[in-house]
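Engineer: To be precise about what I am sending: the file is called upload_7.cif and holds mmCIF, N, CA and C atoms.
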data_protein
#
loop_
_atom_site.label_atom_id
_atom_site.label_comp_id
_atom_site.auth_asym_id
_atom_site.auth_seq_id
_atom_site.Cartn_x
_atom_site.Cartn_y
_atom_site.Cartn_z
N MET L 19 145.23 166.79 80.52
CA MET L 19 143.88 166.64 80.04
C MET L 19 143.33 165.29 80.52
N ASN L 20 142.13 165.26 80.91
CA ASN L 20 141.53 164.06 81.47
C ASN L 20 140.56 163.47 80.45
N GLU L 21 141.01 162.41 79.73
CA GLU L 21 140.15 161.78 78.72
C GLU L 21 139.34 160.67 79.36
N ARG L 22 138.13 160.58 78.92
CA ARG L 22 137.26 159.49 79.41
C ARG L 22 137.52 158.23 78.59
N VAL L 23 137.65 157.14 79.27
CA VAL L 23 137.81 155.84 78.62
C VAL L 23 136.50 155.10 78.82
N PRO L 24 135.91 154.62 77.73
CA PRO L 24 134.64 153.90 77.90
C PRO L 24 134.83 152.67 78.79
N ALA L 25 133.92 152.47 79.69
CA ALA L 25 134.00 151.35 80.62
C ALA L 25 133.53 150.05 79.99
N ILE L 26 132.70 150.16 78.97
CA ILE L 26 132.12 148.96 78.36
C ILE L 26 132.51 148.94 76.89
N GLU L 27 132.95 147.76 76.43
CA GLU L 27 133.26 147.61 75.01
C GLU L 27 132.00 147.72 74.18
N THR L 28 132.13 148.31 73.03
CA THR L 28 130.98 148.36 72.13
C THR L 28 130.96 147.09 71.29
N ALA L 29 129.85 146.84 70.65
CA ALA L 29 129.72 145.68 69.77
C ALA L 29 130.75 145.74 68.66
N ALA L 30 131.06 146.95 68.16
CA ALA L 30 132.05 147.09 67.08
C ALA L 30 133.43 146.68 67.57
N ASP L 31 133.80 147.05 68.83
CA ASP L 31 135.10 146.65 69.37
C ASP L 31 135.19 145.13 69.48
N THR L 32 134.14 144.48 69.93
CA THR L 32 134.11 143.04 70.08
C THR L 32 134.24 142.36 68.72
N LEU L 33 133.54 142.89 67.73
CA LEU L 33 133.62 142.32 66.39
C LEU L 33 135.04 142.38 65.85
N GLN L 34 135.75 143.46 66.13
CA GLN L 34 137.13 143.56 65.66
C GLN L 34 137.98 142.46 66.26
N LEU L 35 137.83 142.21 67.54
CA LEU L 35 138.58 141.12 68.16
C LEU L 35 138.20 139.79 67.54
N ASP L 36 136.93 139.56 67.35
CA ASP L 36 136.47 138.29 66.80
C ASP L 36 136.93 138.06 65.37
N ASP L 37 137.36 139.10 64.70
CA ASP L 37 137.86 138.97 63.33
C ASP L 37 139.38 138.90 63.25
N GLN L 38 140.07 139.00 64.36
CA GLN L 38 141.52 138.98 64.37
C GLN L 38 142.03 137.55 64.11
N VAL L 39 142.92 137.43 63.15
CA VAL L 39 143.42 136.11 62.75
C VAL L 39 144.08 135.39 63.93
N ALA L 40 144.92 136.08 64.67
CA ALA L 40 145.61 135.43 65.79
C ALA L 40 144.61 134.94 66.83
N HIS L 41 143.59 135.72 67.08
CA HIS L 41 142.55 135.33 68.05
C HIS L 41 141.80 134.08 67.55
N LEU L 42 141.44 134.09 66.28
CA LEU L 42 140.73 132.94 65.71
C LEU L 42 141.60 131.69 65.70
N LEU L 43 142.88 131.85 65.36
CA LEU L 43 143.79 130.71 65.38
C LEU L 43 143.95 130.17 66.80
N ARG L 44 144.03 131.05 67.78
CA ARG L 44 144.16 130.61 69.18
C ARG L 44 142.92 129.83 69.60
N ARG L 45 141.74 130.33 69.23
CA ARG L 45 140.51 129.63 69.59
C ARG L 45 140.43 128.27 68.89
N ALA L 46 140.80 128.24 67.62
CA ALA L 46 140.80 126.97 66.88
C ALA L 46 141.81 126.00 67.50
N HIS L 47 142.97 126.52 67.91
CA HIS L 47 143.98 125.69 68.55
C HIS L 47 143.47 125.13 69.88
N GLN L 48 142.77 125.95 70.66
CA GLN L 48 142.20 125.48 71.91
C GLN L 48 141.23 124.33 71.67
N ARG L 49 140.39 124.48 70.67
CA ARG L 49 139.41 123.44 70.35
C ARG L 49 140.12 122.15 69.92
N ALA L 50 141.08 122.31 69.01
CA ALA L 50 141.82 121.14 68.51
C ALA L 50 142.57 120.46 69.65
N SER L 51 143.21 121.25 70.51
CA SER L 51 143.96 120.66 71.63
C SER L 51 143.05 119.90 72.58
N ALA L 52 141.88 120.43 72.85
CA ALA L 52 140.94 119.74 73.74
C ALA L 52 140.53 118.39 73.15
N ILE L 53 140.27 118.36 71.85
CA ILE L 53 139.91 117.10 71.19
C ILE L 53 141.09 116.12 71.23
N TYR L 54 142.26 116.62 70.91
CA TYR L 54 143.48 115.80 70.89
C TYR L 54 143.76 115.23 72.28
N LEU L 55 143.70 116.09 73.28
CA LEU L 55 144.02 115.65 74.65
C LEU L 55 143.00 114.65 75.17
N GLY L 56 141.78 114.71 74.67
CA GLY L 56 140.78 113.73 75.06
C GLY L 56 141.21 112.31 74.76
N VAL L 57 141.97 112.13 73.71
CA VAL L 57 142.47 110.81 73.32
C VAL L 57 143.82 110.52 73.97
N LEU L 58 144.73 111.48 73.92
CA LEU L 58 146.09 111.23 74.38
C LEU L 58 146.23 111.19 75.90
N SER L 59 145.37 111.89 76.61
CA SER L 59 145.52 111.95 78.06
C SER L 59 145.31 110.58 78.71
N GLU L 60 144.52 109.73 78.08
CA GLU L 60 144.33 108.37 78.60
C GLU L 60 145.66 107.64 78.72
N ARG L 61 146.55 107.92 77.80
CA ARG L 61 147.86 107.25 77.78
C ARG L 61 148.95 108.14 78.35
N GLN L 62 148.57 109.26 78.93
CA GLN L 62 149.49 110.22 79.56
C GLN L 62 150.58 110.67 78.59
N ILE L 63 150.15 111.01 77.38
CA ILE L 63 151.05 111.50 76.34
C ILE L 63 150.56 112.87 75.90
N THR L 64 151.47 113.81 75.75
CA THR L 64 151.09 115.13 75.23
C THR L 64 151.14 115.08 73.70
N PRO L 65 150.46 116.02 73.04
CA PRO L 65 150.56 116.07 71.58
C PRO L 65 152.01 116.21 71.10
N THR L 66 152.81 116.98 71.81
CA THR L 66 154.22 117.17 71.44
C THR L 66 154.98 115.85 71.54
N GLN L 67 154.75 115.11 72.61
CA GLN L 67 155.41 113.82 72.78
C GLN L 67 154.95 112.84 71.70
N PHE L 68 153.65 112.82 71.42
CA PHE L 68 153.16 111.92 70.39
C PHE L 68 153.79 112.26 69.04
N PHE L 69 153.87 113.54 68.71
CA PHE L 69 154.42 113.91 67.42
C PHE L 69 155.88 113.49 67.30
N ALA L 70 156.66 113.65 68.37
CA ALA L 70 158.06 113.20 68.34
C ALA L 70 158.14 111.70 68.12
N MET L 71 157.28 110.95 68.82
CA MET L 71 157.28 109.49 68.66
C MET L 71 156.83 109.09 67.26
N ALA L 72 155.82 109.78 66.74
CA ALA L 72 155.33 109.47 65.39
C ALA L 72 156.42 109.73 64.36
N ARG L 73 157.19 110.82 64.54
CA ARG L 73 158.30 111.10 63.62
C ARG L 73 159.36 110.00 63.69
N LEU L 74 159.66 109.54 64.89
CA LEU L 74 160.63 108.44 65.01
C LEU L 74 160.09 107.17 64.37
N SER L 75 158.81 106.92 64.52
CA SER L 75 158.20 105.75 63.90
C SER L 75 158.30 105.85 62.38
N GLU L 76 158.08 107.03 61.88
CA GLU L 76 158.09 107.28 60.44
C GLU L 76 159.51 107.25 59.86
N MET L 77 160.47 107.83 60.58
CA MET L 77 161.81 108.05 60.03
C MET L 77 162.86 107.05 60.52
N GLY L 78 162.58 106.32 61.60
CA GLY L 78 163.58 105.42 62.16
C GLY L 78 164.50 106.17 63.10
N GLN L 79 165.72 105.71 63.25
CA GLN L 79 166.67 106.35 64.16
C GLN L 79 167.00 107.76 63.70
N LEU L 80 167.02 108.69 64.66
CA LEU L 80 167.35 110.08 64.38
C LEU L 80 168.15 110.66 65.53
N SER L 81 168.99 111.63 65.22
CA SER L 81 169.64 112.36 66.30
C SER L 81 168.60 113.26 66.96
N GLN L 82 168.86 113.65 68.19
CA GLN L 82 167.93 114.53 68.90
C GLN L 82 167.77 115.84 68.14
N ASN L 83 168.87 116.36 67.62
CA ASN L 83 168.83 117.61 66.87
C ASN L 83 167.95 117.50 65.63
N ARG L 84 168.12 116.43 64.89
CA ARG L 84 167.32 116.23 63.67
C ARG L 84 165.84 116.02 64.01
N LEU L 85 165.57 115.24 65.06
CA LEU L 85 164.19 115.04 65.47
C LEU L 85 163.55 116.37 65.85
N GLY L 86 164.29 117.20 66.56
CA GLY L 86 163.77 118.51 66.93
C GLY L 86 163.41 119.35 65.72
N ARG L 87 164.27 119.33 64.71
CA ARG L 87 163.99 120.09 63.48
C ARG L 87 162.77 119.52 62.76
N LEU L 88 162.70 118.19 62.65
CA LEU L 88 161.57 117.56 61.95
C LEU L 88 160.25 117.74 62.70
N ALA L 89 160.33 117.89 64.00
CA ALA L 89 159.13 118.06 64.81
C ALA L 89 158.84 119.53 65.09
N ALA L 90 159.63 120.43 64.52
CA ALA L 90 159.48 121.88 64.71
C ALA L 90 159.51 122.26 66.18
N MET L 91 160.50 121.73 66.90
CA MET L 91 160.66 122.04 68.32
C MET L 91 162.05 122.63 68.55
N ASP L 92 162.12 123.61 69.44
CA ASP L 92 163.42 124.18 69.78
C ASP L 92 164.21 123.17 70.61
N PRO L 93 165.54 123.36 70.72
CA PRO L 93 166.37 122.37 71.42
C PRO L 93 165.94 122.09 72.87
N ALA L 94 165.53 123.11 73.61
CA ALA L 94 165.12 122.89 75.00
C ALA L 94 163.85 122.04 75.07
N THR L 95 162.91 122.31 74.17
CA THR L 95 161.65 121.56 74.18
C THR L 95 161.89 120.11 73.81
N ILE L 96 162.64 119.86 72.74
CA ILE L 96 162.86 118.47 72.33
C ILE L 96 163.65 117.71 73.38
N GLN L 97 164.57 118.40 74.07
CA GLN L 97 165.33 117.73 75.11
C GLN L 97 164.41 117.26 76.23
N GLY L 98 163.47 118.11 76.65
CA GLY L 98 162.53 117.71 77.70
C GLY L 98 161.61 116.60 77.25
N VAL L 99 161.14 116.69 76.01
CA VAL L 99 160.26 115.65 75.46
C VAL L 99 160.98 114.31 75.45
N ILE L 100 162.21 114.29 74.97
CA ILE L 100 162.99 113.05 74.88
C ILE L 100 163.26 112.49 76.27
N GLN L 101 163.60 113.37 77.20
CA GLN L 101 163.89 112.91 78.56
C GLN L 101 162.66 112.23 79.17
N ARG L 102 161.48 112.84 79.03
CA ARG L 102 160.27 112.25 79.61
C ARG L 102 159.91 110.93 78.92
N LEU L 103 160.05 110.89 77.60
CA LEU L 103 159.72 109.65 76.88
C LEU L 103 160.71 108.54 77.21
N ALA L 104 161.98 108.89 77.39
CA ALA L 104 162.99 107.89 77.76
C ALA L 104 162.72 107.37 79.17
N GLU L 105 162.35 108.27 80.09
CA GLU L 105 162.03 107.85 81.47
C GLU L 105 160.85 106.89 81.50
N ARG L 106 159.93 107.05 80.57
CA ARG L 106 158.75 106.18 80.52
C ARG L 106 158.99 104.92 79.69
N GLY L 107 160.19 104.80 79.13
CA GLY L 107 160.55 103.59 78.40
C GLY L 107 160.06 103.54 76.95
N HIS L 108 159.70 104.70 76.38
CA HIS L 108 159.20 104.72 75.00
C HIS L 108 160.28 105.03 73.97
N ILE L 109 161.38 105.64 74.42
CA ILE L 109 162.48 106.00 73.52
C ILE L 109 163.78 105.54 74.15
N GLN L 110 164.67 105.07 73.30
CA GLN L 110 166.00 104.73 73.79
C GLN L 110 167.04 105.61 73.10
N ARG L 111 168.09 105.92 73.83
CA ARG L 111 169.21 106.71 73.31
C ARG L 111 170.40 105.77 73.18
N LEU L 112 170.97 105.76 71.99
CA LEU L 112 172.13 104.90 71.73
C LEU L 112 173.24 105.73 71.11
N PRO L 113 174.50 105.34 71.34
CA PRO L 113 175.59 106.07 70.68
C PRO L 113 175.49 105.90 69.16
N ASP L 114 175.74 106.98 68.46
CA ASP L 114 175.74 106.95 66.99
C ASP L 114 176.93 106.11 66.53
N PRO L 115 176.69 105.08 65.71
CA PRO L 115 177.81 104.23 65.28
C PRO L 115 178.85 104.98 64.44
N THR L 116 178.48 106.08 63.83
CA THR L 116 179.42 106.84 62.99
C THR L 116 180.07 108.00 63.74
N ASP L 117 179.53 108.39 64.89
CA ASP L 117 180.06 109.51 65.67
C ASP L 117 179.71 109.28 67.13
N ARG L 118 180.66 108.76 67.88
CA ARG L 118 180.42 108.37 69.28
C ARG L 118 180.05 109.57 70.17
N ARG L 119 180.30 110.80 69.72
CA ARG L 119 179.95 111.97 70.51
C ARG L 119 178.45 112.25 70.45
N ARG L 120 177.78 111.69 69.50
CA ARG L 120 176.37 111.97 69.27
C ARG L 120 175.53 110.76 69.65
N MET L 121 174.31 111.06 70.13
CA MET L 121 173.36 110.00 70.46
C MET L 121 172.27 109.96 69.40
N VAL L 122 171.80 108.76 69.11
CA VAL L 122 170.65 108.62 68.22
C VAL L 122 169.48 108.08 69.04
N LEU L 123 168.31 108.44 68.59
CA LEU L 123 167.09 108.05 69.28
C LEU L 123 166.32 107.05 68.45
N SER L 124 165.67 106.14 69.11
CA SER L 124 164.76 105.23 68.42
C SER L 124 163.66 104.83 69.40
N LEU L 125 162.57 104.36 68.85
CA LEU L 125 161.47 103.91 69.69
C LEU L 125 161.80 102.54 70.27
N THR L 126 161.40 102.33 71.49
CA THR L 126 161.50 101.00 72.09
C THR L 126 160.28 100.21 71.62
N PRO L 127 160.24 98.92 71.89
CA PRO L 127 159.02 98.16 71.54
C PRO L 127 157.75 98.76 72.16
N SER L 128 157.83 99.25 73.40
CA SER L 128 156.63 99.86 74.01
C SER L 128 156.27 101.16 73.30
N GLY L 129 157.27 101.91 72.87
CA GLY L 129 157.01 103.14 72.11
C GLY L 129 156.38 102.83 70.76
N GLN L 130 156.87 101.79 70.09
CA GLN L 130 156.29 101.39 68.81
C GLN L 130 154.84 100.96 68.98
N ALA L 131 154.58 100.20 70.04
CA ALA L 131 153.21 99.73 70.29
C ALA L 131 152.28 100.91 70.59
N LEU L 132 152.77 101.89 71.34
CA LEU L 132 151.95 103.05 71.68
C LEU L 132 151.62 103.87 70.44
N VAL L 133 152.60 104.09 69.58
CA VAL L 133 152.35 104.83 68.34
C VAL L 133 151.34 104.07 67.48
N ALA L 134 151.52 102.78 67.34
CA ALA L 134 150.59 101.98 66.53
C ALA L 134 149.17 102.06 67.10
N GLU L 135 149.06 101.99 68.42
CA GLU L 135 147.74 102.07 69.07
C GLU L 135 147.07 103.42 68.81
N LEU L 136 147.86 104.49 68.89
CA LEU L 136 147.28 105.83 68.82
C LEU L 136 147.06 106.34 67.39
N LEU L 137 147.76 105.81 66.41
CA LEU L 137 147.65 106.34 65.04
C LEU L 137 146.21 106.32 64.52
N GLY L 138 145.53 105.22 64.70
CA GLY L 138 144.14 105.16 64.24
C GLY L 138 143.25 106.14 64.97
N ARG L 139 143.49 106.29 66.24
CA ARG L 139 142.69 107.22 67.03
C ARG L 139 142.99 108.67 66.63
N ILE L 140 144.22 108.94 66.26
CA ILE L 140 144.59 110.30 65.86
C ILE L 140 143.92 110.65 64.53
N ARG L 141 143.76 109.67 63.67
CA ARG L 141 143.03 109.93 62.42
C ARG L 141 141.60 110.38 62.73
N GLN L 142 140.98 109.76 63.73
CA GLN L 142 139.64 110.17 64.14
C GLN L 142 139.66 111.55 64.77
N VAL L 143 140.70 111.86 65.52
CA VAL L 143 140.84 113.20 66.11
C VAL L 143 140.87 114.24 65.01
N ASN L 144 141.66 114.00 63.97
CA ASN L 144 141.72 114.94 62.84
C ASN L 144 140.35 115.10 62.21
N ALA L 145 139.64 114.01 62.05
CA ALA L 145 138.29 114.09 61.48
C ALA L 145 137.36 114.89 62.39
N ASP L 146 137.47 114.70 63.69
CA ASP L 146 136.64 115.45 64.64
C ASP L 146 136.96 116.95 64.60
N ILE L 147 138.24 117.27 64.52
CA ILE L 147 138.65 118.68 64.47
C ILE L 147 138.08 119.35 63.23
N LEU L 148 138.11 118.66 62.11
CA LEU L 148 137.67 119.24 60.84
C LEU L 148 136.18 119.06 60.58
N SER L 149 135.46 118.40 61.47
CA SER L 149 134.06 118.05 61.23
C SER L 149 133.13 119.23 60.91
N PRO L 150 133.37 120.43 61.41
CA PRO L 150 132.47 121.53 61.03
C PRO L 150 132.58 121.94 59.55
N LEU L 151 133.61 121.46 58.87
CA LEU L 151 133.85 121.84 57.48
C LEU L 151 133.39 120.76 56.52
N SER L 152 132.99 121.18 55.33
CA SER L 152 132.67 120.21 54.28
C SER L 152 133.97 119.55 53.82
N GLU L 153 133.86 118.49 53.05
CA GLU L 153 135.05 117.79 52.57
C GLU L 153 135.95 118.71 51.76
N SER L 154 135.38 119.50 50.87
CA SER L 154 136.20 120.41 50.06
C SER L 154 136.81 121.51 50.93
N GLU L 155 136.07 121.99 51.93
CA GLU L 155 136.62 122.99 52.85
C GLU L 155 137.77 122.41 53.67
N GLN L 156 137.63 121.14 54.05
CA GLN L 156 138.70 120.49 54.81
C GLN L 156 139.99 120.45 54.01
N LEU L 157 139.88 120.06 52.74
CA LEU L 157 141.07 119.99 51.88
C LEU L 157 141.69 121.37 51.70
N GLU L 158 140.86 122.36 51.48
CA GLU L 158 141.35 123.73 51.30
C GLU L 158 141.96 124.26 52.59
N PHE L 159 141.32 124.01 53.72
CA PHE L 159 141.82 124.49 55.00
C PHE L 159 143.20 123.89 55.30
N VAL L 160 143.35 122.60 55.12
CA VAL L 160 144.65 121.95 55.39
C VAL L 160 145.72 122.50 54.45
N ALA L 161 145.37 122.71 53.19
CA ALA L 161 146.34 123.29 52.24
C ALA L 161 146.74 124.69 52.68
N LEU L 162 145.79 125.48 53.13
CA LEU L 162 146.10 126.84 53.59
C LEU L 162 146.94 126.81 54.87
N LEU L 163 146.63 125.90 55.77
CA LEU L 163 147.45 125.77 56.99
C LEU L 163 148.89 125.42 56.65
N ARG L 164 149.08 124.53 55.69
CA ARG L 164 150.45 124.18 55.26
C ARG L 164 151.18 125.41 54.76
N LYS L 165 150.49 126.26 54.02
CA LYS L 165 151.12 127.50 53.53
C LYS L 165 151.51 128.40 54.69
N LEU L 166 150.66 128.51 55.68
CA LEU L 166 150.95 129.38 56.82
C LEU L 166 152.07 128.81 57.69
N ALA L 167 152.10 127.49 57.81
CA ALA L 167 153.10 126.86 58.68
C ALA L 167 154.44 126.83 57.99
#
Could I get this structure in the form of structure tokens?
Structural biologist:
Amino acid sequence: MNERVPAIETAADTLQLDDQVAHLLRRAHQRASAIYLGVLSERQITPTQFFAMARLSEMGQLSQNRLGRLAAMDPATIQGVIQRLAERGHIQRLPDPTDRRRMVLSLTPSGQALVAELLGRIRQVNADILSPLSESEQLEFVALLRKLA
């Protein structure tokens, strides 16, 4: 049997896509990433790299495995992030004093300075991302995102 497939989407089909949660989250992520990268690209840092550095700044020395878990990154991703940051002199790897088989990570002075420089700017990025929402909507949205994450 030869069924005809409409060549043009109808307005109803388009509306269904525009209401899909995954589609809306992807579009929101694209917008947020563009705003984020506008600040971080000046320093040649990706959001993933910044988040790993910010976690180290917040928590102090961490094993690569623990940093990966705290940053919600799989082992391959965190390994690449750490390698690039170490090559740029922002992170140092040292033997764990309690277990010589394991390495611990910490920020170098240049890594600490970079995190300090970017933290204030990242606060503005968050404000820019949430700017279409009222203050109460912002609080509710962040709370709902935490539930989803």
Engineer: On this structure, which residues satisfy the PyMOL selection byres ((chain L and resi 56-73) around 8), written as a PyMOL selection string?
Structural biologist: chain L and resi 50-55+74-80+85-86+88-89+99-100+103+108-109+124-125+129-130+133-134+136+139-140+143
Engineer: So what do you get for atom N of Leu42 in chain L versus atom N of Ile147 in chain L, distance-wise?
Structural biologist: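 These two atoms are separated by 17.2 Å.
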Engineer: When you draw a straight line from atom N of Leu123 in chain L to atom C of Glu105 in chain L, how long is it in Å?
Structural biologist: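 Atom-to-atom, atom N of Leu123 in chain L to atom C of Glu105 in chain L, that is 15.0 Å.
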Engineer: Would you work out the distance separating atom C of Glu153 in chain L from atom C of Leu132 in chain L, expressed in Å to one decimal?
Structural biologist: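 Computing the Euclidean distance for atom C of Glu153 in chain L and atom C of Leu132 in chain L yields 28.5 Å.
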Engineer: Using only C-alpha atoms, which of L:Thr116, L:Pro127, L:Leu148, L:Arg111 sits nearest Ala46 in chain L?
Structural biologist: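 Among L:Thr116, L:Pro127, L:Leu148, L:Arg111, it is L:Leu148 that comes nearest to Ala46 in chain L.
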Engineer: Report the residues of chain L whose backbone DSSP state falls under strand (DSSP E), written as a PDB file with N, CA and C atoms, keeping the file's coordinate frame.
Structural biologist:
ATOM      1  N   LEU L  80     167.020 108.690  64.660  1.00  0.00           N
ATOM      2  CA  LEU L  80     167.350 110.080  64.380  1.00  0.00           C
ATOM      3  C   LEU L  80     168.150 110.660  65.530  1.00  0.00           C
ATOM      4  N   SER L  81     168.990 111.630  65.220  1.00  0.00           N
ATOM      5  CA  SER L  81     169.640 112.360  66.300  1.00  0.00           C
ATOM      6  C   SER L  81     168.600 113.260  66.960  1.00  0.00           C
ATOM      7  N   ILE L 109     161.380 105.640  74.420  1.00  0.00           N
ATOM      8  CA  ILE L 109     162.480 106.000  73.520  1.00  0.00           C
ATOM      9  C   ILE L 109     163.780 105.540  74.150  1.00  0.00           C
ATOM     10  N   GLN L 110     164.670 105.070  73.300  1.00  0.00           N
ATOM     11  CA  GLN L 110     166.000 104.730  73.790  1.00  0.00           C
ATOM     12  C   GLN L 110     167.040 105.610  73.100  1.00  0.00           C
ATOM     13  N   ARG L 111     168.090 105.920  73.830  1.00  0.00           N
ATOM     14  CA  ARG L 111     169.210 106.710  73.310  1.00  0.00           C
ATOM     15  C   ARG L 111     170.400 105.770  73.180  1.00  0.00           C
ATOM     16  N   LEU L 112     170.970 105.760  71.990  1.00  0.00           N
ATOM     17  CA  LEU L 112     172.130 104.900  71.730  1.00  0.00           C
ATOM     18  C   LEU L 112     173.240 105.730  71.110  1.00  0.00           C
ATOM     19  N   PRO L 113     174.500 105.340  71.340  1.00  0.00           N
ATOM     20  CA  PRO L 113     175.590 106.070  70.680  1.00  0.00           C
ATOM     21  C   PRO L 113     175.490 105.900  69.160  1.00  0.00           C
ATOM     22  N   ASP L 114     175.740 106.980  68.460  1.00  0.00           N
ATOM     23  CA  ASP L 114     175.740 106.950  66.990  1.00  0.00           C
ATOM     24  C   ASP L 114     176.930 106.110  66.530  1.00  0.00           C
ATOM     25  N   ASP L 117     179.530 108.390  64.890  1.00  0.00           N
ATOM     26  CA  ASP L 117     180.060 109.510  65.670  1.00  0.00           C
ATOM     27  C   ASP L 117     179.710 109.280  67.130  1.00  0.00           C
ATOM     28  N   ARG L 118     180.660 108.760  67.880  1.00  0.00           N
ATOM     29  CA  ARG L 118     180.420 108.370  69.280  1.00  0.00           C
ATOM     30  C   ARG L 118     180.050 109.570  70.170  1.00  0.00           C
ATOM     31  N   ARG L 119     180.300 110.800  69.720  1.00  0.00           N
ATOM     32  CA  ARG L 119     179.950 111.970  70.510  1.00  0.00           C
ATOM     33  C   ARG L 119     178.450 112.250  70.450  1.00  0.00           C
ATOM     34  N   ARG L 120     177.780 111.690  69.500  1.00  0.00           N
ATOM     35  CA  ARG L 120     176.370 111.970  69.270  1.00  0.00           C
ATOM     36  C   ARG L 120     175.530 110.760  69.650  1.00  0.00           C
ATOM     37  N   MET L 121     174.310 111.060  70.130  1.00  0.00           N
ATOM     38  CA  MET L 121     173.360 110.000  70.460  1.00  0.00           C
ATOM     39  C   MET L 121     172.270 109.960  69.400  1.00  0.00           C
ATOM     40  N   VAL L 122     171.800 108.760  69.110  1.00  0.00           N
ATOM     41  CA  VAL L 122     170.650 108.620  68.220  1.00  0.00           C
ATOM     42  C   VAL L 122     169.480 108.080  69.040  1.00  0.00           C
ATOM     43  N   LEU L 123     168.310 108.440  68.590  1.00  0.00           N
ATOM     44  CA  LEU L 123     167.090 108.050  69.280  1.00  0.00           C
ATOM     45  C   LEU L 123     166.320 107.050  68.450  1.00  0.00           C
ATOM     46  N   SER L 124     165.670 106.140  69.110  1.00  0.00           N
ATOM     47  CA  SER L 124     164.760 105.230  68.420  1.00  0.00           C
ATOM     48  C   SER L 124     163.660 104.830  69.400  1.00  0.00           C
ATOM     49  N   LEU L 125     162.570 104.360  68.850  1.00  0.00           N
ATOM     50  CA  LEU L 125     161.470 103.910  69.690  1.00  0.00           C
ATOM     51  C   LEU L 125     161.800 102.540  70.270  1.00  0.00           C
TER      52      LEU L 125
END
Engineer: Would you please work out which residue, of L:Arg45, L:Gln82, L:Arg106, L:Arg119, is nearest to Ala94 in chain L when using only C-alpha atoms?
Structural biologist: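 For Ala94 in chain L, the nearest of the candidates is L:Gln82.
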Engineer: Between L:Asp37, L:Ser81, L:Arg164, L:Ser152, which residue has the minimum interatomic distance to Arg120 in chain L, considering only N, CA and C atoms?
Structural biologist: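 Nearest to Arg120 in chain L: L:Ser81.
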Engineer: Between L:Ser128, L:Leu166, L:Gln156, L:Asp92, which residue has the minimum interatomic distance to Gln110 in chain L, considering only C-alpha atoms?
Structural biologist: L:Ser128
Engineer: Could you give me the residues within range 89-121 of chain L that DSSP places in alpha helix (DSSP H), as a list in words?
Structural biologist: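 DSSP on the backbone gives alpha helix (DSSP H) at Pro93, Ala94, Thr95, Ile96, Gln97, Gly98, Val99, Ile100, Gln101, Arg102, Leu103, Ala104 and Glu105 of chain L.
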Engineer: For the residues in the current selection, export N, CA and C atoms as a PDB file, in the coordinates of the input.
Structural biologist:
ATOM      1  N   PRO L  93     165.540 123.360  70.720  1.00  0.00           N
ATOM      2  CA  PRO L  93     166.370 122.370  71.420  1.00  0.00           C
ATOM      3  C   PRO L  93     165.940 122.090  72.870  1.00  0.00           C
ATOM      4  N   ALA L  94     165.530 123.110  73.610  1.00  0.00           N
ATOM      5  CA  ALA L  94     165.120 122.890  75.000  1.00  0.00           C
ATOM      6  C   ALA L  94     163.850 122.040  75.070  1.00  0.00           C
ATOM      7  N   THR L  95     162.910 122.310  74.170  1.00  0.00           N
ATOM      8  CA  THR L  95     161.650 121.560  74.180  1.00  0.00           C
ATOM      9  C   THR L  95     161.890 120.110  73.810  1.00  0.00           C
ATOM     10  N   ILE L  96     162.640 119.860  72.740  1.00  0.00           N
ATOM     11  CA  ILE L  96     162.860 118.470  72.330  1.00  0.00           C
ATOM     12  C   ILE L  96     163.650 117.710  73.380  1.00  0.00           C
ATOM     13  N   GLN L  97     164.570 118.400  74.070  1.00  0.00           N
ATOM     14  CA  GLN L  97     165.330 117.730  75.110  1.00  0.00           C
ATOM     15  C   GLN L  97     164.410 117.260  76.230  1.00  0.00           C
ATOM     16  N   GLY L  98     163.470 118.110  76.650  1.00  0.00           N
ATOM     17  CA  GLY L  98     162.530 117.710  77.700  1.00  0.00           C
ATOM     18  C   GLY L  98     161.610 116.600  77.250  1.00  0.00           C
ATOM     19  N   VAL L  99     161.140 116.690  76.010  1.00  0.00           N
ATOM     20  CA  VAL L  99     160.260 115.650  75.460  1.00  0.00           C
ATOM     21  C   VAL L  99     160.980 114.310  75.450  1.00  0.00           C
ATOM     22  N   ILE L 100     162.210 114.290  74.970  1.00  0.00           N
ATOM     23  CA  ILE L 100     162.990 113.050  74.880  1.00  0.00           C
ATOM     24  C   ILE L 100     163.260 112.490  76.270  1.00  0.00           C
ATOM     25  N   GLN L 101     163.600 113.370  77.200  1.00  0.00           N
ATOM     26  CA  GLN L 101     163.890 112.910  78.560  1.00  0.00           C
ATOM     27  C   GLN L 101     162.660 112.230  79.170  1.00  0.00           C
ATOM     28  N   ARG L 102     161.480 112.840  79.030  1.00  0.00           N
ATOM     29  CA  ARG L 102     160.270 112.250  79.610  1.00  0.00           C
ATOM     30  C   ARG L 102     159.910 110.930  78.920  1.00  0.00           C
ATOM     31  N   LEU L 103     160.050 110.890  77.600  1.00  0.00           N
ATOM     32  CA  LEU L 103     159.720 109.650  76.880  1.00  0.00           C
ATOM     33  C   LEU L 103     160.710 108.540  77.210  1.00  0.00           C
ATOM     34  N   ALA L 104     161.980 108.890  77.390  1.00  0.00           N
ATOM     35  CA  ALA L 104     162.990 107.890  77.760  1.00  0.00           C
ATOM     36  C   ALA L 104     162.720 107.370  79.170  1.00  0.00           C
ATOM     37  N   GLU L 105     162.350 108.270  80.090  1.00  0.00           N
ATOM     38  CA  GLU L 105     162.030 107.850  81.470  1.00  0.00           C
ATOM     39  C   GLU L 105     160.850 106.890  81.500  1.00  0.00           C
TER      40      GLU L 105
END
Engineer: Pick the closest to Val122 in chain L from L:Ser154, L:Gln34, L:Asn83, L:Asn144: which is it, counting all atoms listed in the file?
Structural biologist: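 Smallest separation from Val122 in chain L among the options: L:Asn83.
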